[in-house]
file upload-v4.pdb (PDB, C-alpha atoms)
MODEL        1
ATOM      1  CA  MET A  71      -7.230 -21.646  -5.252  1.00  0.00           C
ATOM      2  CA  GLU A  72      -9.656 -24.552  -4.921  1.00  0.00           C
ATOM      3  CA  HIS A  73     -10.630 -23.321  -1.470  1.00  0.00           C
ATOM      4  CA  LEU A  74     -11.747 -19.903  -2.712  1.00  0.00           C
ATOM      5  CA  THR A  75     -15.504 -19.334  -2.857  1.00  0.00           C
ATOM      6  CA  TYR A  76     -17.324 -17.160  -5.381  1.00  0.00           C
ATOM      7  CA  LEU A  77     -17.531 -14.473  -2.723  1.00  0.00           C
ATOM      8  CA  ASP A  78     -13.779 -14.720  -2.153  1.00  0.00           C
ATOM      9  CA  TRP A  79     -13.112 -14.261  -5.865  1.00  0.00           C
ATOM     10  CA  PHE A  80     -15.466 -11.300  -6.009  1.00  0.00           C
ATOM     11  CA  LEU A  81     -13.658  -9.669  -3.088  1.00  0.00           C
ATOM     12  CA  VAL A  82     -10.136 -10.206  -4.421  1.00  0.00           C
ATOM     13  CA  LEU A  83     -11.097  -9.045  -7.916  1.00  0.00           C
ATOM     14  CA  LEU A  84     -12.637  -5.965  -6.305  1.00  0.00           C
ATOM     15  CA  ALA A  85      -9.426  -5.436  -4.338  1.00  0.00           C
ATOM     16  CA  ALA A  86      -7.351  -5.700  -7.534  1.00  0.00           C
ATOM     17  CA  PHE A  87      -9.666  -3.218  -9.251  1.00  0.00           C
ATOM     18  CA  ILE A  88      -9.375  -0.771  -6.328  1.00  0.00           C
ATOM     19  CA  LEU A  89      -5.595  -1.198  -6.385  1.00  0.00           C
ATOM     20  CA  GLY A  90      -5.606  -0.102 -10.025  1.00  0.00           C
ATOM     21  CA  VAL A  91      -7.709   2.935  -9.134  1.00  0.00           C
ATOM     22  CA  SER A  92      -5.328   3.710  -6.276  1.00  0.00           C
ATOM     23  CA  LYS A  93      -2.262   3.541  -8.526  1.00  0.00           C
ATOM     24  CA  SER A  94      -3.945   5.927 -10.971  1.00  0.00           C
ATOM     25  CA  GLY A  95      -3.575   8.668  -8.357  1.00  0.00           C
ATOM     26  CA  LEU A  96      -6.498   8.413  -5.972  1.00  0.00           C
ATOM     27  CA  LYS A  97      -4.653   8.328  -2.658  1.00  0.00           C
ATOM     28  CA  GLY A  98      -6.000   7.090   0.660  1.00  0.00           C
ATOM     29  CA  ILE A  99      -7.803   3.954  -0.538  1.00  0.00           C
ATOM     30  CA  ALA A 100      -4.997   1.377  -0.563  1.00  0.00           C
ATOM     31  CA  ILE A 101      -5.667   0.274   3.019  1.00  0.00           C
ATOM     32  CA  ILE A 102      -8.967  -1.370   2.099  1.00  0.00           C
ATOM     33  CA  ILE A 103      -7.093  -3.564  -0.406  1.00  0.00           C
ATOM     34  CA  VAL A 104      -4.812  -4.917   2.311  1.00  0.00           C
ATOM     35  CA  THR A 105      -7.818  -5.542   4.555  1.00  0.00           C
ATOM     36  CA  ILE A 106      -9.739  -7.489   1.894  1.00  0.00           C
ATOM     37  CA  MET A 107      -6.739  -9.603   0.911  1.00  0.00           C
ATOM     38  CA  ALA A 108      -5.938 -10.425   4.534  1.00  0.00           C
ATOM     39  CA  LEU A 109      -9.526 -11.476   5.198  1.00  0.00           C
ATOM     40  CA  VAL A 110      -9.552 -13.817   2.182  1.00  0.00           C
ATOM     41  CA  PHE A 111      -6.028 -15.289   2.157  1.00  0.00           C
ATOM     42  CA  GLY A 112      -4.722 -14.720   5.672  1.00  0.00           C
ATOM     43  CA  SER A 113      -2.530 -11.891   6.852  1.00  0.00           C
ATOM     44  CA  LYS A 114       0.966 -13.073   5.971  1.00  0.00           C
ATOM     45  CA  VAL A 115       0.114 -14.962   2.764  1.00  0.00           C
ATOM     46  CA  SER A 116      -1.776 -11.939   1.457  1.00  0.00           C
ATOM     47  CA  THR A 117       1.376  -9.774   1.577  1.00  0.00           C
ATOM     48  CA  GLY A 118       3.028 -12.046  -0.976  1.00  0.00           C
ATOM     49  CA  ILE A 119      -0.027 -12.199  -3.223  1.00  0.00           C
ATOM     50  CA  LEU A 120      -0.171  -8.410  -3.268  1.00  0.00           C
ATOM     51  CA  MET A 121       3.481  -7.906  -4.229  1.00  0.00           C
ATOM     52  CA  PRO A 122       3.263  -8.674  -7.996  1.00  0.00           C
ATOM     53  CA  LEU A 123       0.036  -6.660  -8.209  1.00  0.00           C
ATOM     54  CA  LEU A 124       1.754  -3.702  -6.576  1.00  0.00           C
ATOM     55  CA  LEU A 125       4.621  -3.945  -9.079  1.00  0.00           C
ATOM     56  CA  VAL A 126       2.190  -3.963 -12.003  1.00  0.00           C
ATOM     57  CA  GLY A 127       0.413  -0.917 -10.568  1.00  0.00           C
ATOM     58  CA  ASP A 128       3.724   0.861  -9.960  1.00  0.00           C
ATOM     59  CA  LEU A 129       4.767   0.206 -13.557  1.00  0.00           C
ATOM     60  CA  LEU A 130       1.493   1.599 -14.917  1.00  0.00           C
ATOM     61  CA  ALA A 131       1.879   4.695 -12.729  1.00  0.00           C
ATOM     62  CA  ILE A 132       5.491   5.435 -13.652  1.00  0.00           C
ATOM     63  CA  LEU A 133       4.681   5.069 -17.349  1.00  0.00           C
ATOM     64  CA  TYR A 134       1.771   7.510 -17.091  1.00  0.00           C
ATOM     65  CA  TYR A 135       3.449  10.013 -14.731  1.00  0.00           C
ATOM     66  CA  ARG A 136       7.012   9.476 -15.997  1.00  0.00           C
ATOM     67  CA  LYS A 137       7.669  13.184 -16.593  1.00  0.00           C
ATOM     68  CA  HIS A 138       6.859  14.261 -13.043  1.00  0.00           C
ATOM     69  CA  VAL A 139       9.300  12.325 -10.837  1.00  0.00           C
ATOM     70  CA  GLN A 140      11.467  14.311  -8.396  1.00  0.00           C
ATOM     71  CA  TRP A 141      14.631  12.253  -7.958  1.00  0.00           C
ATOM     72  CA  LYS A 142      16.058  14.319  -5.097  1.00  0.00           C
ATOM     73  CA  HIS A 143      13.206  13.274  -2.814  1.00  0.00           C
ATOM     74  CA  LEU A 144      13.704   9.624  -3.723  1.00  0.00           C
ATOM     75  CA  ALA A 145      17.365   9.882  -2.734  1.00  0.00           C
ATOM     76  CA  LYS A 146      16.378  11.215   0.703  1.00  0.00           C
ATOM     77  CA  LEU A 147      13.660   8.695   1.539  1.00  0.00           C
ATOM     78  CA  LEU A 148      14.616   5.466  -0.257  1.00  0.00           C
ATOM     79  CA  PRO A 149      17.653   4.421   1.882  1.00  0.00           C
ATOM     80  CA  TRP A 150      15.697   4.741   5.139  1.00  0.00           C
ATOM     81  CA  MET A 151      12.766   2.830   3.649  1.00  0.00           C
ATOM     82  CA  ALA A 152      15.112   0.014   2.609  1.00  0.00           C
ATOM     83  CA  PHE A 153      16.468  -0.170   6.153  1.00  0.00           C
ATOM     84  CA  GLY A 154      12.911  -0.232   7.498  1.00  0.00           C
ATOM     85  CA  VAL A 155      12.141  -3.152   5.160  1.00  0.00           C
ATOM     86  CA  LEU A 156      15.067  -5.114   6.622  1.00  0.00           C
ATOM     87  CA  ILE A 157      13.704  -4.525  10.123  1.00  0.00           C
ATOM     88  CA  GLY A 158      10.292  -5.731   8.955  1.00  0.00           C
ATOM     89  CA  VAL A 159      11.814  -8.872   7.393  1.00  0.00           C
ATOM     90  CA  TYR A 160      13.515  -9.788  10.669  1.00  0.00           C
ATOM     91  CA  VAL A 161      10.508  -9.019  12.859  1.00  0.00           C
ATOM     92  CA  GLY A 162       7.924 -10.724  10.650  1.00  0.00           C
ATOM     93  CA  LYS A 163       9.795 -13.875   9.576  1.00  0.00           C
ATOM     94  CA  ASP A 164       8.884 -16.193  12.450  1.00  0.00           C
ATOM     95  CA  VAL A 165       5.845 -14.390  13.837  1.00  0.00           C
ATOM     96  CA  PRO A 166       2.832 -16.759  14.299  1.00  0.00           C
ATOM     97  CA  GLU A 167      -0.099 -16.111  11.956  1.00  0.00           C
ATOM     98  CA  ASP A 168      -2.400 -15.040  14.786  1.00  0.00           C
ATOM     99  CA  VAL A 169       0.094 -12.476  16.077  1.00  0.00           C
ATOM    100  CA  PHE A 170       0.847 -11.316  12.524  1.00  0.00           C
ATOM    101  CA  LYS A 171      -2.886 -10.879  11.864  1.00  0.00           C
ATOM    102  CA  LYS A 172      -3.441  -8.775  14.971  1.00  0.00           C
ATOM    103  CA  GLY A 173      -0.321  -6.746  14.243  1.00  0.00           C
ATOM    104  CA  LEU A 174      -1.512  -6.087  10.685  1.00  0.00           C
ATOM    105  CA  ALA A 175      -4.944  -5.037  11.977  1.00  0.00           C
ATOM    106  CA  PHE A 176      -3.246  -2.686  14.452  1.00  0.00           C
ATOM    107  CA  ILE A 177      -1.123  -1.117  11.691  1.00  0.00           C
ATOM    108  CA  ILE A 178      -4.238  -0.647   9.542  1.00  0.00           C
ATOM    109  CA  LEU A 179      -6.076   1.101  12.377  1.00  0.00           C
ATOM    110  CA  VAL A 180      -3.091   3.334  13.155  1.00  0.00           C
ATOM    111  CA  SER A 181      -2.819   4.240   9.464  1.00  0.00           C
ATOM    112  CA  VAL A 182      -6.516   5.117   9.322  1.00  0.00           C
ATOM    113  CA  ILE A 183      -6.210   7.269  12.451  1.00  0.00           C
ATOM    114  CA  MET A 184      -3.175   9.026  10.961  1.00  0.00           C
ATOM    115  CA  MET A 185      -5.055   9.888   7.789  1.00  0.00           C
ATOM    116  CA  PHE A 186      -8.151  11.038   9.687  1.00  0.00           C
ATOM    117  CA  TYR A 187      -5.911  13.214  11.851  1.00  0.00           C
ATOM    118  CA  TRP A 188      -4.206  14.684   8.813  1.00  0.00           C
ATOM    119  CA  ASP A 189      -7.525  15.457   7.127  1.00  0.00           C
ATOM    120  CA  TYR A 190      -9.030  17.223  10.151  1.00  0.00           C
ATOM    121  CA  ARG A 191      -6.083  19.036  11.749  1.00  0.00           C
ATOM    122  CA  LYS A 192      -6.192  22.808  11.307  1.00  0.00           C
ATOM    123  CA  SER A 193      -2.505  23.267  10.598  1.00  0.00           C
ATOM    124  CA  LYS A 194      -1.131  21.476   7.534  1.00  0.00           C
ATOM    125  CA  LYS A 195       2.479  22.312   8.387  1.00  0.00           C
ATOM    126  CA  VAL A 196       4.675  19.235   8.716  1.00  0.00           C
ATOM    127  CA  PRO A 197       8.252  19.222  10.070  1.00  0.00           C
ATOM    128  CA  THR A 198      10.922  19.087   7.363  1.00  0.00           C
ATOM    129  CA  HIS A 199      13.855  18.336   9.691  1.00  0.00           C
ATOM    130  CA  PHE A 200      16.229  15.476   8.796  1.00  0.00           C
ATOM    131  CA  ALA A 201      14.784  13.393  11.635  1.00  0.00           C
ATOM    132  CA  PHE A 202      11.324  13.690  10.061  1.00  0.00           C
ATOM    133  CA  GLY A 203      12.513  12.094   6.811  1.00  0.00           C
ATOM    134  CA  LEU A 204      14.386   9.417   8.752  1.00  0.00           C
ATOM    135  CA  SER A 205      11.364   8.493  10.880  1.00  0.00           C
ATOM    136  CA  MET A 206       8.957   8.527   7.928  1.00  0.00           C
ATOM    137  CA  GLY A 207      11.342   6.400   5.860  1.00  0.00           C
ATOM    138  CA  LEU A 208      11.876   3.795   8.581  1.00  0.00           C
ATOM    139  CA  SER A 209       8.152   3.656   9.393  1.00  0.00           C
ATOM    140  CA  ALA A 210       7.202   3.392   5.714  1.00  0.00           C
ATOM    141  CA  GLY A 211       9.765   0.636   5.090  1.00  0.00           C
ATOM    142  CA  PHE A 212       8.710  -1.387   8.125  1.00  0.00           C
ATOM    143  CA  THR A 213       4.986  -1.130   7.424  1.00  0.00           C
ATOM    144  CA  THR A 214       5.367  -1.845   3.704  1.00  0.00           C
ATOM    145  CA  MET A 215       7.149  -5.117   4.508  1.00  0.00           C
ATOM    146  CA  ILE A 216       4.784  -6.154   7.293  1.00  0.00           C
ATOM    147  CA  GLY A 217       1.550  -5.247   5.534  1.00  0.00           C
ATOM    148  CA  ASN A 218       2.127  -3.224   2.317  1.00  0.00           C
ATOM    149  CA  LEU A 219       0.928  -0.178   4.261  1.00  0.00           C
ATOM    150  CA  ALA A 220       3.571   2.490   3.734  1.00  0.00           C
ATOM    151  CA  GLY A 221       1.168   4.958   2.098  1.00  0.00           C
ATOM    152  CA  ALA A 222       0.230   6.917   5.214  1.00  0.00           C
ATOM    153  CA  PHE A 223       3.872   7.614   6.085  1.00  0.00           C
ATOM    154  CA  SER A 224       5.150   8.329   2.573  1.00  0.00           C
ATOM    155  CA  ASN A 225       2.148  10.583   1.907  1.00  0.00           C
ATOM    156  CA  LEU A 226       2.984  12.666   4.975  1.00  0.00           C
ATOM    157  CA  TYR A 227       6.563  13.015   3.779  1.00  0.00           C
ATOM    158  CA  PHE A 228       5.623  14.137   0.266  1.00  0.00           C
ATOM    159  CA  LEU A 229       3.030  16.537   1.648  1.00  0.00           C
ATOM    160  CA  ALA A 230       5.785  18.043   3.787  1.00  0.00           C
ATOM    161  CA  MET A 231       7.822  18.580   0.630  1.00  0.00           C
ATOM    162  CA  ARG A 232       4.894  20.573  -0.868  1.00  0.00           C
ATOM    163  CA  LEU A 233       4.906  18.509  -4.066  1.00  0.00           C
ATOM    164  CA  PRO A 234       2.233  19.371  -6.667  1.00  0.00           C
ATOM    165  CA  LYS A 235      -0.262  16.604  -7.435  1.00  0.00           C
ATOM    166  CA  ASN A 236       1.436  15.077 -10.502  1.00  0.00           C
ATOM    167  CA  GLN A 237       4.910  15.253  -8.931  1.00  0.00           C
ATOM    168  CA  PHE A 238       3.469  13.681  -5.786  1.00  0.00           C
ATOM    169  CA  ILE A 239       2.001  10.749  -7.725  1.00  0.00           C
ATOM    170  CA  GLY A 240       4.971  10.316 -10.071  1.00  0.00           C
ATOM    171  CA  THR A 241       7.608  10.410  -7.336  1.00  0.00           C
ATOM    172  CA  ALA A 242       5.633   8.046  -5.086  1.00  0.00           C
ATOM    173  CA  ALA A 243       5.217   5.639  -8.009  1.00  0.00           C
ATOM    174  CA  TRP A 244       8.976   5.391  -8.569  1.00  0.00           C
ATOM    175  CA  LEU A 245       9.620   5.139  -4.825  1.00  0.00           C
ATOM    176  CA  PHE A 246       7.360   2.124  -4.416  1.00  0.00           C
ATOM    177  CA  PHE A 247       8.520   0.543  -7.667  1.00  0.00           C
ATOM    178  CA  PHE A 248      12.070   0.471  -6.292  1.00  0.00           C
ATOM    179  CA  ILE A 249      11.139  -0.567  -2.757  1.00  0.00           C
ATOM    180  CA  ASN A 250       8.698  -3.265  -3.884  1.00  0.00           C
ATOM    181  CA  TRP A 251      11.354  -4.897  -6.067  1.00  0.00           C
ATOM    182  CA  PHE A 252      13.689  -4.727  -3.067  1.00  0.00           C
ATOM    183  CA  LYS A 253      11.091  -6.676  -1.050  1.00  0.00           C
ATOM    184  CA  VAL A 254      10.555  -9.465  -3.607  1.00  0.00           C
ATOM    185  CA  PRO A 255      13.566 -11.679  -2.670  1.00  0.00           C
ATOM    186  CA  PHE A 256      12.523 -11.617   0.991  1.00  0.00           C
ATOM    187  CA  HIS A 257       9.004 -12.733   0.081  1.00  0.00           C
ATOM    188  CA  VAL A 258      10.400 -15.525  -2.111  1.00  0.00           C
ATOM    189  CA  PHE A 259      13.297 -16.866  -0.047  1.00  0.00           C
ATOM    190  CA  SER A 260      12.693 -15.730   3.545  1.00  0.00           C
ATOM    191  CA  TRP A 261       8.953 -15.575   4.134  1.00  0.00           C
ATOM    192  CA  GLU A 262       8.110 -17.868   1.170  1.00  0.00           C
ATOM    193  CA  THR A 263       4.907 -15.923   0.530  1.00  0.00           C
ATOM    194  CA  ILE A 264       5.485 -15.644  -3.243  1.00  0.00           C
ATOM    195  CA  THR A 265       5.111 -19.051  -4.866  1.00  0.00           C
ATOM    196  CA  THR A 266       4.045 -20.507  -8.192  1.00  0.00           C
ATOM    197  CA  GLN A 267       0.504 -20.833  -6.840  1.00  0.00           C
ATOM    198  CA  THR A 268       0.308 -17.189  -5.716  1.00  0.00           C
ATOM    199  CA  LEU A 269       1.627 -16.048  -9.108  1.00  0.00           C
ATOM    200  CA  ILE A 270      -1.144 -18.015 -10.833  1.00  0.00           C
ATOM    201  CA  ILE A 271      -3.678 -16.168  -8.661  1.00  0.00           C
ATOM    202  CA  ASN A 272      -2.019 -12.903  -9.732  1.00  0.00           C
ATOM    203  CA  LEU A 273      -2.601 -13.751 -13.399  1.00  0.00           C
ATOM    204  CA  TYR A 274      -6.351 -13.855 -12.737  1.00  0.00           C
ATOM    205  CA  LEU A 275      -6.262 -10.524 -10.892  1.00  0.00           C
ATOM    206  CA  VAL A 276      -4.055  -8.365 -13.152  1.00  0.00           C
ATOM    207  CA  PRO A 277      -6.792  -7.663 -15.766  1.00  0.00           C
ATOM    208  CA  ALA A 278      -9.057  -6.263 -13.022  1.00  0.00           C
ATOM    209  CA  GLU A 279      -6.178  -4.084 -11.807  1.00  0.00           C
ATOM    210  CA  ILE A 280      -5.482  -2.705 -15.294  1.00  0.00           C
ATOM    211  CA  LEU A 281      -9.182  -1.968 -15.749  1.00  0.00           C
ATOM    212  CA  GLY A 282      -9.189  -0.160 -12.402  1.00  0.00           C
ATOM    213  CA  PHE A 283      -6.197   1.930 -13.454  1.00  0.00           C
ATOM    214  CA  ILE A 284      -7.808   2.972 -16.740  1.00  0.00           C
ATOM    215  CA  ILE A 285     -11.113   3.878 -15.077  1.00  0.00           C
ATOM    216  CA  GLY A 286      -9.257   5.527 -12.198  1.00  0.00           C
ATOM    217  CA  LEU A 287      -7.507   7.939 -14.559  1.00  0.00           C
ATOM    218  CA  ARG A 288     -10.942   9.165 -15.647  1.00  0.00           C
ATOM    219  CA  ILE A 289     -12.678   9.382 -12.293  1.00  0.00           C
ATOM    220  CA  VAL A 290      -9.770  10.841 -10.312  1.00  0.00           C
ATOM    221  CA  LYS A 291     -10.447  14.246 -11.871  1.00  0.00           C
ATOM    222  CA  ARG A 292     -14.194  14.183 -11.179  1.00  0.00           C
ATOM    223  CA  ILE A 293     -14.784  12.430  -7.880  1.00  0.00           C
ATOM    224  CA  ASN A 294     -15.349  14.233  -4.584  1.00  0.00           C
ATOM    225  CA  ASP A 295     -12.126  12.953  -3.097  1.00  0.00           C
ATOM    226  CA  LYS A 296     -12.801  14.166   0.448  1.00  0.00           C
ATOM    227  CA  GLN A 297     -16.122  12.335   0.844  1.00  0.00           C
ATOM    228  CA  PHE A 298     -14.799   9.236  -0.882  1.00  0.00           C
ATOM    229  CA  ARG A 299     -11.807   9.106   1.476  1.00  0.00           C
ATOM    230  CA  LYS A 300     -14.130   9.327   4.492  1.00  0.00           C
ATOM    231  CA  PHE A 301     -16.163   6.384   3.245  1.00  0.00           C
ATOM    232  CA  ILE A 302     -13.119   4.253   2.433  1.00  0.00           C
ATOM    233  CA  LEU A 303     -11.430   5.014   5.751  1.00  0.00           C
ATOM    234  CA  PHE A 304     -14.591   4.119   7.681  1.00  0.00           C
ATOM    235  CA  VAL A 305     -15.065   0.827   5.813  1.00  0.00           C
ATOM    236  CA  THR A 306     -11.370   0.019   6.199  1.00  0.00           C
ATOM    237  CA  ALA A 307     -11.439   0.670   9.944  1.00  0.00           C
ATOM    238  CA  MET A 308     -14.382  -1.732  10.225  1.00  0.00           C
ATOM    239  CA  GLY A 309     -12.455  -4.293   8.176  1.00  0.00           C
ATOM    240  CA  ALA A 310      -9.428  -3.966  10.452  1.00  0.00           C
ATOM    241  CA  ILE A 311     -11.590  -4.526  13.529  1.00  0.00           C
ATOM    242  CA  ILE A 312     -13.111  -7.636  11.907  1.00  0.00           C
ATOM    243  CA  LEU A 313      -9.608  -8.845  11.006  1.00  0.00           C
ATOM    244  CA  PHE A 314      -8.430  -8.319  14.578  1.00  0.00           C
ATOM    245  CA  PHE A 315     -11.199 -10.421  16.103  1.00  0.00           C
ATOM    246  CA  ARG A 316     -11.589 -12.986  13.286  1.00  0.00           C
TER
ENDMDL
END

call {"tool": "encode", "arguments": {"input": "upload-v4.pdb", "output": "structure tokens"}}
result
Amino acid sequence: MEHLTYLDWFLVLLAAFILGVSKSGLKGIAIIIVTIMALVFGSKVSTGILMPLLLVGDLLAILYYRKHVQWKHLAKLLPWMAFGVLIGVYVGKDVPEDVFKKGLAFIILVSVIMMFYWDYRKSKKVPTHFAFGLSMGLSAGFTTMIGNLAGAFSNLYFLAMRLPKNQFIGTAAWLFFFINWFKVPFHVFSWETITTQTLIINLYLVPAEILGFIIGLRIVKRINDKQFRKFILFVTAMGAIILFFR
């Protein structure tokens, strides 16, 4: 903590605030949080710092959208995500920081491209075959362990299921609440990216996240989501490029 500058604190508090807004239901902005945290703390360390914040955001979301969860979709996706997490644990455990950083930047860029592609493609039809759920689950599990970046893949899956907005948000909240708790022991005992020091940092950031969630609930109904997503995706892509060459 003593090495963090005022600018670093501003950035991580901003990231925590944006995370709260994201968990309130404004999808497509979580990638910028990962980018900011990786730039400030380093790629691998940042994944552990984010974990408790993600759990707090998941808890807020499931409490607010608790009546809208669709358990049948969780049962289909959750096992494959868990398996993808295990793959990510094995792959990422002994990866050097420089390689991990470039890999995280690559995943961020791929996620941005996926979301741009989804926004601009003419056909919104997505395959609903068993293999589609399997591939989305494995990809989401792997990317959520490596860089907390499962959103692009899980969003595609839930869009394929034609879930209404509240069911989409509520089901995704429970999905990530379960999978994030599943990841915690690996961060503590395998990667050692959750420590007493990182938890102290979390205590400073949680109030900003809660504030973001409260404000997010108000603005999510009013904001021009399409234009906002374009801005966030552009800034995030720039952040990923900076992260790659930093």

call {"tool": "resolve_selection", "arguments": {"input": "upload-v4.pdb", "expression": "the PyMOL selection byres ((chain A and resi 150) around 8)", "output": "list of chain:residue names"}}
result
A:Lys146, A:Leu147, A:Leu148, A:Pro149, A:Met151, A:Ala152, A:Phe153, A:Gly154, A:Leu204, A:Gly207, A:Leu208, A:Gly211

call {"tool": "write_last_selection", "arguments": {"input": "upload-v4.pdb", "atoms": "C-alpha atoms", "output": "short mmCIF file (atom, residue, chain, number, x, y, z; two decimals), in the frame of the given file"}}
result
data_model
loop_
_atom_site.label_atom_id
_atom_site.label_comp_id
_atom_site.auth_asym_id
_atom_site.auth_seq_id
_atom_site.Cartn_x
_atom_site.Cartn_y
_atom_site.Cartn_z
CA LYS A 146 16.38 11.22 0.70
CA LEU A 147 13.66 8.70 1.54
CA LEU A 148 14.62 5.47 -0.26
CA PRO A 149 17.65 4.42 1.88
CA MET A 151 12.77 2.83 3.65
CA ALA A 152 15.11 0.01 2.61
CA PHE A 153 16.47 -0.17 6.15
CA GLY A 154 12.91 -0.23 7.50
CA LEU A 204 14.39 9.42 8.75
CA GLY A 207 11.34 6.40 5.86
CA LEU A 208 11.88 3.80 8.58
CA GLY A 211 9.76 0.64 5.09
#

call {"tool": "closest_residue", "arguments": {"input": "upload-v4.pdb", "among": "A:His143, A:Lys114, A:Arg136, A:Arg292", "to": "Trp261 in chain A", "atoms": "only C-alpha atoms"}}
result
A:Lys114

call {"tool": "closest_residue", "arguments": {"input": "upload-v4.pdb", "among": "A:Leu124, A:Phe256, A:Leu109, A:Phe80", "to": "Asn272 in chain A", "atoms": "all atoms listed in the file"}}
result
A:Leu124

call {"tool": "atom_distance", "arguments": {"input": "upload-v4.pdb", "atom1": "CA of Ile103 in chain A", "atom2": "CA of Met206 in chain A"}}
result
21.8 Å

call {"tool": "resolve_selection", "arguments": {"input": "upload-v4.pdb", "expression": "the PyMOL selection byres ((chain A and resi 238) around 10)", "output": "list in words"}}
result
Gly95, Tyr135, His138, Val139, Gln140, Asn225, Phe228, Leu229, Met231, Arg232, Leu233, Pro234, Lys235, Asn236, Gln237, Ile239, Gly240, Thr241, Ala242 and Ala243 of chain A

call {"tool": "atom_distance", "arguments": {"input": "upload-v4.pdb", "atom1": "CA of Ile216 in chain A", "atom2": "CA of Trp141 in chain A"}}
result
25.9 Å
